[in-house]
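I have placed the structure first, in the form of structure tokens, so that the comments after it can refer back to it.
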Amino acid sequence: MKFKVGDAASYSQTISEASIAMFVGAVGDTNPLHVDAEYAKKSRFGGRIAQGILVAGLISTCIGTKLPGVGAVYLGQSLKFLRPTHVGDTITATVTVTAVREDKLILTLQTVCTNQRGERVIEGEATVLYEEPA
């Protein structure tokens with residue numbers, strides 16, 4: 001068995017202006033909380049914040065490149081958004097194997113994103129099918 005309960009991996013990235021702009025271009029989320037500094041300044045967040053799904057995308061990067069890596073296929077993901085992510089925050093996505101279904105090689109992963117202060121910004125659980133690359 002290639003994977004076991006407790007295996008973990010992480011991926012870190014700083015959320016930049018370019019990250020937000022590329023995400024807007026890719027999916028069209030132009031909510032002013034993300035793109036309009038004046039609007040966002042008056043919000044409960046006191047300034048612009050990154051799209052939650054942009055930040056959660058770092059979990060996908062970790063799954064697709066680190067654990068289980070190439071050959072991973074997402075089957076599901078639950079997410080709880082706990083704190084906002086601001087431009088300049090460095091987010092670390094960590095996935096930890098909590099269960100392995102060996103007959104079909106399906107992994108259940110705890111998924112957590114933390115900021116540079118160690119605060120959880122997202123938590124959830126992913127289900128991933130793994131297929132050994134050809």
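By order of appearance in the structure tokens: chains A, B, ..., then residues from 1 within every chain, and ligands from 1 in the order shown.
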
Could you name the residues that touch Gly64 in chain A at 12 Å or less, counting only C-alpha atoms, but leaving out those on the same chain fewer than 3 positions away, as a ChimeraX atom specification? /A:9-11,57-61,67-74,95,128-131

Selection file, C-alpha atoms, as a PDB file, in the first residue's frame:
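Wrote selection.pdb, looks like this:
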ATOM      1  CA  ALA A   9       1.833  17.015   2.712  1.00  0.00           C
ATOM      2  CA  SER A  10       1.669  20.796   2.421  1.00  0.00           C
ATOM      3  CA  TYR A  11       1.807  23.485  -0.244  1.00  0.00           C
ATOM      4  CA  GLY A  57      -7.764  25.923  -4.712  1.00  0.00           C
ATOM      5  CA  LEU A  58      -4.432  25.560  -2.907  1.00  0.00           C
ATOM      6  CA  ILE A  59      -5.845  22.339  -1.420  1.00  0.00           C
ATOM      7  CA  SER A  60      -6.357  21.061  -4.959  1.00  0.00           C
ATOM      8  CA  THR A  61      -2.763  21.984  -5.801  1.00  0.00           C
ATOM      9  CA  LEU A  67      -0.401  13.872  -1.849  1.00  0.00           C
ATOM     10  CA  PRO A  68      -1.464  11.699  -3.457  1.00  0.00           C
ATOM     11  CA  GLY A  69      -0.028  13.614  -6.438  1.00  0.00           C
ATOM     12  CA  VAL A  70      -0.196  12.850 -10.150  1.00  0.00           C
ATOM     13  CA  GLY A  71      -3.036  10.384 -10.703  1.00  0.00           C
ATOM     14  CA  ALA A  72      -5.351  11.974  -8.120  1.00  0.00           C
ATOM     15  CA  VAL A  73      -8.980  12.560  -9.092  1.00  0.00           C
ATOM     16  CA  TYR A  74     -11.223  14.629  -6.803  1.00  0.00           C
ATOM     17  CA  VAL A  95      -3.728  17.440   3.538  1.00  0.00           C
ATOM     18  CA  VAL A 128      -9.828  11.389  -3.710  1.00  0.00           C
ATOM     19  CA  LEU A 129      -9.502   8.479  -6.104  1.00  0.00           C
ATOM     20  CA  TYR A 130      -5.907   7.602  -6.878  1.00  0.00           C
ATOM     21  CA  GLU A 131      -4.765   5.927 -10.050  1.00  0.00           C
TER      22      GLU A 131
END

DSSP on the backbone, strand (DSSP E) only: what residues of chain A does that give? Format it as a ChimeraX atom specification. /A:8-14,72-81,90-101,106-114,120-130

Would you work out the distance separating CA of Thr108 in chain A from CA of Glu125 in chain A, expressed in Å to one decimal? 7.0 Å

Spatial neighbours of Arg117 in chain A, 10 Å, only C-alpha atoms, chain gap at least 5 places, as JSON, numbers by chain: {"A": [89, 90, 91]}

Got time to write the residues from that selection, all heavy atoms, as an mmCIF file, in the first residue's frame?
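Written out: selection.cif:
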data_model
loop_
_atom_site.group_PDB
_atom_site.id
_atom_site.type_symbol
_atom_site.label_atom_id
_atom_site.label_comp_id
_atom_site.auth_asym_id
_atom_site.auth_seq_id
_atom_site.Cartn_x
_atom_site.Cartn_y
_atom_site.Cartn_z
ATOM 1 N N ASP A 89 -1.266 37.675 2.281
ATOM 2 C CA ASP A 89 -1.225 36.550 3.217
ATOM 3 C C ASP A 89 -0.581 35.345 2.542
ATOM 4 O O ASP A 89 -0.820 35.081 1.357
ATOM 5 C CB ASP A 89 -2.638 36.147 3.677
ATOM 6 C CG ASP A 89 -3.224 37.060 4.736
ATOM 7 O OD1 ASP A 89 -2.491 37.945 5.241
ATOM 8 O OD2 ASP A 89 -4.419 36.894 5.055
ATOM 9 N N THR A 90 0.226 34.635 3.287
ATOM 10 C CA THR A 90 0.801 33.385 2.806
ATOM 11 C C THR A 90 -0.010 32.247 3.403
ATOM 12 O O THR A 90 -0.131 32.129 4.622
ATOM 13 C CB THR A 90 2.280 33.254 3.199
ATOM 14 O OG1 THR A 90 3.001 34.334 2.580
ATOM 15 C CG2 THR A 90 2.862 31.923 2.734
ATOM 16 N N ILE A 91 -0.585 31.452 2.515
ATOM 17 C CA ILE A 91 -1.470 30.364 2.918
ATOM 18 C C ILE A 91 -0.758 29.039 2.712
ATOM 19 O O ILE A 91 -0.147 28.799 1.674
ATOM 20 C CB ILE A 91 -2.776 30.395 2.101
ATOM 21 C CG1 ILE A 91 -3.496 31.731 2.267
ATOM 22 C CG2 ILE A 91 -3.682 29.210 2.474
ATOM 23 C CD1 ILE A 91 -3.922 32.063 3.685
#

Between A:Lys41, A:Arg120, A:Lys66, A:Lys104, which residue has the minimum interatomic distance to Arg83 in chain A, considering only C-alpha atoms? A:Arg120

Residue nearest Gly46 in chain A among A:Phe3, A:Thr85, A:Ile106, A:Gly76 (counting only C-alpha atoms): A:Thr85

Among range 6-62 of chain A, which residues does DSSP mark as alpha helix (DSSP H) when it is run on the backbone? Keep the chain and numbering as in the structure and answer as a ChimeraX atom specification. /A:17-27,32-35,37-41,52-62

What does the file look like for those residues with C-alpha atoms, as a PDB file, in the first residue's frame?
ATOM      1  CA  GLU A  17      -2.872  40.981  -6.602  1.00  0.00           C
ATOM      2  CA  ALA A  18      -2.042  38.852  -9.643  1.00  0.00           C
ATOM      3  CA  SER A  19      -3.573  35.746  -8.006  1.00  0.00           C
ATOM      4  CA  ILE A  20      -6.860  37.577  -7.529  1.00  0.00           C
ATOM      5  CA  ALA A  21      -6.793  39.147 -11.005  1.00  0.00           C
ATOM      6  CA  MET A  22      -6.127  35.791 -12.689  1.00  0.00           C
ATOM      7  CA  PHE A  23      -8.915  34.165 -10.670  1.00  0.00           C
ATOM      8  CA  VAL A  24     -11.334  36.927 -11.705  1.00  0.00           C
ATOM      9  CA  GLY A  25     -10.282  36.367 -15.332  1.00  0.00           C
ATOM     10  CA  ALA A  26     -10.715  32.612 -15.050  1.00  0.00           C
ATOM     11  CA  VAL A  27     -14.096  32.467 -13.298  1.00  0.00           C
ATOM     12  CA  PRO A  32     -16.439  44.191  -5.012  1.00  0.00           C
ATOM     13  CA  LEU A  33     -15.128  42.644  -1.770  1.00  0.00           C
ATOM     14  CA  HIS A  34     -12.380  41.191  -3.968  1.00  0.00           C
ATOM     15  CA  VAL A  35     -11.779  43.909  -6.559  1.00  0.00           C
ATOM     16  CA  ALA A  37     -10.721  48.747  -2.463  1.00  0.00           C
ATOM     17  CA  GLU A  38     -13.116  51.597  -1.602  1.00  0.00           C
ATOM     18  CA  TYR A  39     -16.108  49.292  -1.337  1.00  0.00           C
ATOM     19  CA  ALA A  40     -14.184  46.670   0.637  1.00  0.00           C
ATOM     20  CA  LYS A  41     -12.771  49.282   3.035  1.00  0.00           C
ATOM     21  CA  GLY A  52     -12.596  31.748  -0.663  1.00  0.00           C
ATOM     22  CA  ILE A  53     -12.541  29.292  -3.542  1.00  0.00           C
ATOM     23  CA  LEU A  54      -9.265  30.786  -4.791  1.00  0.00           C
ATOM     24  CA  VAL A  55      -7.730  30.025  -1.401  1.00  0.00           C
ATOM     25  CA  ALA A  56      -9.346  26.565  -1.316  1.00  0.00           C
ATOM     26  CA  GLY A  57      -7.764  25.923  -4.712  1.00  0.00           C
ATOM     27  CA  LEU A  58      -4.432  25.560  -2.907  1.00  0.00           C
ATOM     28  CA  ILE A  59      -5.845  22.339  -1.420  1.00  0.00           C
ATOM     29  CA  SER A  60      -6.357  21.061  -4.959  1.00  0.00           C
ATOM     30  CA  THR A  61      -2.763  21.984  -5.801  1.00  0.00           C
ATOM     31  CA  CYS A  62      -1.522  20.045  -2.784  1.00  0.00           C
TER      32      CYS A  62
END

For the atom pair CA of Ala50 in chain A and CA of Leu109 in chain A, what is the interatomic distance in Å to one decimal place?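 Here the two named atoms are 24.0 Å from each other.
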
Quick one: distance from CA of Glu123 in chain A to CA of Lys2 in chain A in Å, one decimal?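 These atoms are spaced 24.9 Å apart.
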
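Minimum atom-to-atom distance to Thr30 in chain A, evaluated using only C-alpha atoms, belongs to A:Ile49 out of A:Ile49, A:Val5, A:Ile15, A:Ala126.
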